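What follows is a short report on a single structure.
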Amino acid sequence: MHTEVLNINKDDCFLCQVDTCLSFNPFVEHLQERVQTEKTLKSEFYRYVLNKFENDTCIDLDMHPEDAEKYREMLELIYSILTPPILNEKEFFWALSTPVPEKIFFSTDAFFDFHSSNHSSLHAVNMTQGELFSQRQKRFIYNLILDRLYGFTTVSKNELLFTNADPETGLSRYYNIQTNTQFVNVKLIGELPEINFDAIEPYINDYEGIDVLEDILPLSNFKFEGFTVITLTDVTLPHAVESIRNELVNHSNKEADQYDQIIDSLKTLSENSAIEFGLLPFLTVNNKLIFDTNECSQSVLISSAKEFSLAEETFYAITDDYKQNPKPVFFRSLTDEKVSKHPFLNILKQAGIKSYGIFPVYYNKKMAGIMEVYSYQEIVFYEKLLSKLQAAIPLVAQLLQNSIDQFAFRIETIIKDKFTSLQPSVQWKFNEVAWNYLKKGNRKKKNQEIETVVFDDVYPLFGAVDIRNSTIERNSALQEDLKALLTIIMETLTVLKKHIHLTLTDRLIYKCEEWLEKVNGFITTNDELMLDGFLRDEVNPFLDHFRKNYPNEKEVIDRYFDSLGEENGLSYTNRRNLEASMQLINTSINHYLEQAQEEVQGSYPCYFEKFRTDGVEYDIYIGQSIAPDKAFDVLYLKNIRLWQLKSMAEIARLTHSLTDQLSRPLQTTQLIFIHSNPIDISFRNDERRFDVEGAYNIRYEVVKKRIDKVLIAGTIERLTQPGKIALVYFNQTEAAEYMEYIKYLQEENILLDDLEELELEELQGVTGLKALRVGVNYEIALEK
């Protein structure tokens with residue numbers, strides 16, 4: 001343990017501090033309480049320590065940090081009480097400081113060595129930009145005063161996140177520094193001022209407003225007595241995972257930059273600067289893998305293949321083969337023997353790589369791509385490395401899936417842009433922008449930027465019709481098809497057994513029975529792969545042999561092979577029925593909305609955009625900027641809102657009426673998000689679609705994406721239910737307007753008299769959501 005004084009105030013600002021007194025008094029008071037309340041053997045130790053303090057007259061002394069060595073025995077007793085006995089002080093970062101953390105006077109070997117070697121290179125991560133250390137100290141002081149004397153607790157925590165470069169690896173490490181003020185008493189000098197908490201609340205966590213607090217609560221009125229306990233924790237690994245998560249949520253960087261940031265975090269997780277990472281999403285066009293895109297630039301295999309001119313056909317054959325049989329593969333060293341066995345390793349070896357690994361990454365049980373781990377040195381303990389990466393793998397899967405989704409969307413928008421026309425309601429704006437582009441065009445200037453198409457102050461309407469439990473239905477259909485397939489195999493083998501006497505036939509029947517039992521329960525993606533392997537490697541070759549060499553058995557064996565056809569085979573019946581049912585529902589909804597658009601556009605021009613999910617989602621934007629030549633009034637907004645509610649009821653009745661036509665019974669849910677304030681939208685040239693503008697407006701998009709599976713507060717019940725329309729809102733004024741529409745449609749016998757007003761669970765970044773839910777009357781006929 002060390003009693004040397006460590007100065008932690010980088011700003012050397014001692015004038016801004018409150019009057020302090022380094023004392024054992026608060027700690028002694030704490031011991032006196034524990035001696036009275038503790039019922040275990042600890043009470044004897046507490047009593048012993050308390051007697052030591054009282055007998056050695058260490059109470060009521062004003063200590064100086066420089067005199068800490070005089071009280072070493074007492075300080076070590078404090079350490080013994082406040083820390084678990086099994087901790088090693090050479091590894092545990094722990095220290096005592098002045099009441100306002102400024103000078104450390106007692107510290108473990110680990111803390112002292114860390115501070116001595118890293119103090120000058122530590123950089124605060126979670127301090128507000130522009131905030132000085134002294135300003136944070138003031139905020140610390142005022143938070144403690146408000147808590148102890150006014151009972152006002154702030155949301156800010158007494159902790160700081162610091163980073164510095166590890167001298168051995170060169171990688172960033174992150175440390176959380178926490179200050180425990182349990183043994184600090186706040187003494188009042190004079191009378192306690194009365195304060196208006198509503199008036200000071202904006203300044204409590206704002207370092208720029210700290211001067212306002214000084215005018216209300218002068219620091220000369222207070223004195224701090226005691227000491228502060230400081231602990232430092234290495235949070236490098238959880239911080240790296242959190243950084244990946246934040247990068248995925250915030251979308252603050254371009255996709256290529258996002259990949260770079262996440263790969264840097266993976267390197268931090270590995271704690272080895274010699275280890276490199278590559279990420280490769282499996283992008284497809286017409287179900288065929290493609291790699292000639294920016295999204296694949298982070299793969300060392302792709303870049304090496306291009307650099308050393310690996311034949312394209314060879315490369316695609318390798319990747320297709322791997323996709324058919326994905327599994328982790330790691331080569332600790334790229335020896336000649338391994339290169340001869342796996343020719344693709346040769347291009348990596350030419351690039352100077354000595355260790356290389358491929359690990360499949362799955363998103364929702366479907367392969368989204370691969371993660372590469374490689375090094376220009378040989379990696380020995382890669383199993384330990386993979387254990388560190390486990391927490392990040394689901395986030396990497398999300399990143400790869402985002403790339404897949406974004407790529408698919410880009411293809412879709414290009415098709416819409418090149419092969420479909422813009423809606424007439426916004427075509428005029430694009431015409432103007434195109435004309436301005438031509439007018440300002442300079443033939444000598446290449447890559448001229450085109451003006452952004454923007455519509456200001458438009459009112460958004462969002463609706464979603466979703467097929468209920470579509471994922472569960474897909475899994476159920478797959479399960480039923482697999483059971484039918486296994487049954488056909490067993491029937492085929494049983495017939496063969498009567499004429500061909502092979503023990504192997506009994507073994508295959510036995511394995512089919514095992515698989516049938518497994519399929520009747522819960523089947524994983526890995527089980528599906530294993531079952532495919534069983535059919536491909538054992539059943540199909542066995543039956544194909546007898547089909548070719550035993551003409552009398554050909555008919556019964558052909559029945560099995562015919563069942564494998566996706567278009568007509570018996571083993572795909574349930575999946576075909578499900579897809580046909582979903583297709584019928586979505587086609588009917590789309591047809592209805594296409595026709596309904598004419599009614600909507602007839603009242604006032606608006607922009608109407610549909611999206612295909614497992615059901616159908618749509619956005620509608622209406623406002624003066626979309627039709628500047630026609631006066632806009634809020635009555636048009638009310639009209640389209642009433643239309644939206646009525647159309648949702650019509651859609652619910654439409655999908656319900658299809659029940660007898662569906663090969664597989666399915667139900668739909670109907671959802672509306674109410675947003676009263678106008679927003680700005682702009683046409684994103686890079687993605688060829690409209691998107692919201694501004695931080696506040698983006699909140700609208702965030703809510704849209706998160707409410708489809710929201711639960712009713714305090715329950716496990718989903719808001720969206722078949723036969724119901726759910727309307728999500730924030731403010732009661734929003735609900736009041738729609739309640740009038742609901743009442744009108746109830747009078748029209750379109751909606752049922754079962755309106756519910758509901759509170760919804762908090763979502764990430766979204767609080768205060770409420771909802772209306774009302775049933776749809778299925779008994780009346782559909783409007784023609």
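The chains in the structure tokens are called A, B, ... from first to last as shown; in each chain the residues are counted from 1, and the ligands are counted from 1 in the order shown.
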
Practice task
Using DSSP on the backbone coordinates, identify the residues of region 436-664 of chain A assigned to alpha helix (DSSP H); present them as a PyMOL selection string.
Solution key: chain A and resi 436-440+470-499+503-520+525-534+540-549+554-562+573-603+634-657

Exercise for the section: Mind checking which residues fall within 6 Å of Tyr621 (chain A), counting only C-alpha atoms, ignoring those fewer than 6 positions away in the same chain, and posting them as a list in words? Expected result: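 My list of contacting residues is Val458, Tyr459, Pro460, Cys606 and Tyr607 of chain A.
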
Problem - Residues flagged strand (DSSP E or B) by DSSP in region 422-638 of chain A, as a ChimeraX atom specification - result: /A:454-467,607-612,616-622

Please tabulate, as CSV, the residues of region 150-192 of chain A that come within 12 Å of region 88-94 of chain A, each with its closest pair of atoms and the distance in Å to one decimal, counting only C-alpha atoms and ordering rows by chain, then residue number upward.
```
residue,atom,partner,partner_atom,distance
A:Tyr175,CA,A:Phe93,CA,10.4
A:Asn176,CA,A:Phe93,CA,10.6
A:Ile177,CA,A:Phe93,CA,9.4
A:Gln178,CA,A:Trp94,CA,9.8
A:Thr179,CA,A:Trp94,CA,10.2
A:Asn180,CA,A:Trp94,CA,11.0
```

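For the residues A:Pro605, A:Pro394, A:Gly569, A:Pro541, ranking by smallest atom-to-atom distance to Gln427 (chain A) using only C-alpha atoms places A:Pro605 first.
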
Problem - Non-local contacts of Val728 (chain A) (9 Å; only C-alpha atoms; under 4 positions in same chain excluded) as a list in words - result: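 Final neighbour list, sorted by chain and number: Leu671, Ile672, Phe673, Ile674, His675, Ile707, Ala735, Leu760, Leu769, Lys770, Ala771, Leu772 and Arg773 of chain A.
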
Handout entry: Close residues, Leu219 (chain A) itself excluded, 8 Å, only C-alpha atoms, min 2 positions apart in chain, as a list in words
Key =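 Near Leu219 (chain A), the qualifying residues are Gln17, Val18, Asp19, Glu214, Leu217, Asn221 and Phe222 of chain A.
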
Keeping only C-alpha atoms, write the selected residues as a PDB file, in the first residue's frame.
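Once everything was written out, this is out.pdb:
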```pdb
ATOM      1  CA  GLN A  17     -13.265  23.973  -4.485  1.00  0.00           C
ATOM      2  CA  VAL A  18     -15.403  24.032  -1.385  1.00  0.00           C
ATOM      3  CA  ASP A  19     -13.687  24.203   2.026  1.00  0.00           C
ATOM      4  CA  GLU A 214     -22.873  29.462  -7.409  1.00  0.00           C
ATOM      5  CA  LEU A 217     -25.680  28.390  -3.308  1.00  0.00           C
ATOM      6  CA  ASN A 221     -21.663  28.311   2.991  1.00  0.00           C
ATOM      7  CA  PHE A 222     -20.509  24.685   3.029  1.00  0.00           C
TER       8      PHE A 222
END
```

Practice task
Could you give me, as a PyMOL selection string, the residues within 8 Å of Gln597 (chain A), counting only C-alpha atoms and dropping anything in the same chain fewer than 4 positions from it?
Solution key: chain A and resi 593+601+608

Practice task
Tell me, in Å to one decimal, how far CA of Tyr48 (chain A) is from CA of Thr231 (chain A).
Solution key: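 Atom-to-atom, CA of Tyr48 (chain A) to CA of Thr231 (chain A), that is 25.6 Å.
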
Handout entry: Shortest interatomic distance to Thr669 (chain A) - which of A:Arg410, A:Arg468, A:His656, A:Lys52, counting only C-alpha atoms
Key =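 Of A:Arg410, A:Arg468, A:His656, A:Lys52, the one nearest Thr669 (chain A) is A:Arg468, counting only C-alpha atoms.
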
Handout entry: Selection: 10 Å around Arg559 (chain A), only C-alpha atoms, excl. self and same-chain fewer than 6 positions, as a list in words
Key =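 Answer for this query is Ile488, Ile489, Thr492, Gly569 and Leu570 of chain A.
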
Handout entry: For Val396 (chain A), the nearest of the candidates A:Pro343, A:Gly765, A:Pro281, A:Pro84, counting only C-alpha atoms
Key =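 Distance minimum relative to Val396 (chain A) lands on A:Pro281.
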
Problem - Among listed residues A:Phe224, A:Phe690, A:Tyr700, A:Phe455, nearest Ile626 (chain A) (using only C-alpha atoms) - result: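 Of A:Phe224, A:Phe690, A:Tyr700, A:Phe455, the one nearest Ile626 (chain A), counting only C-alpha atoms, is A:Phe455.
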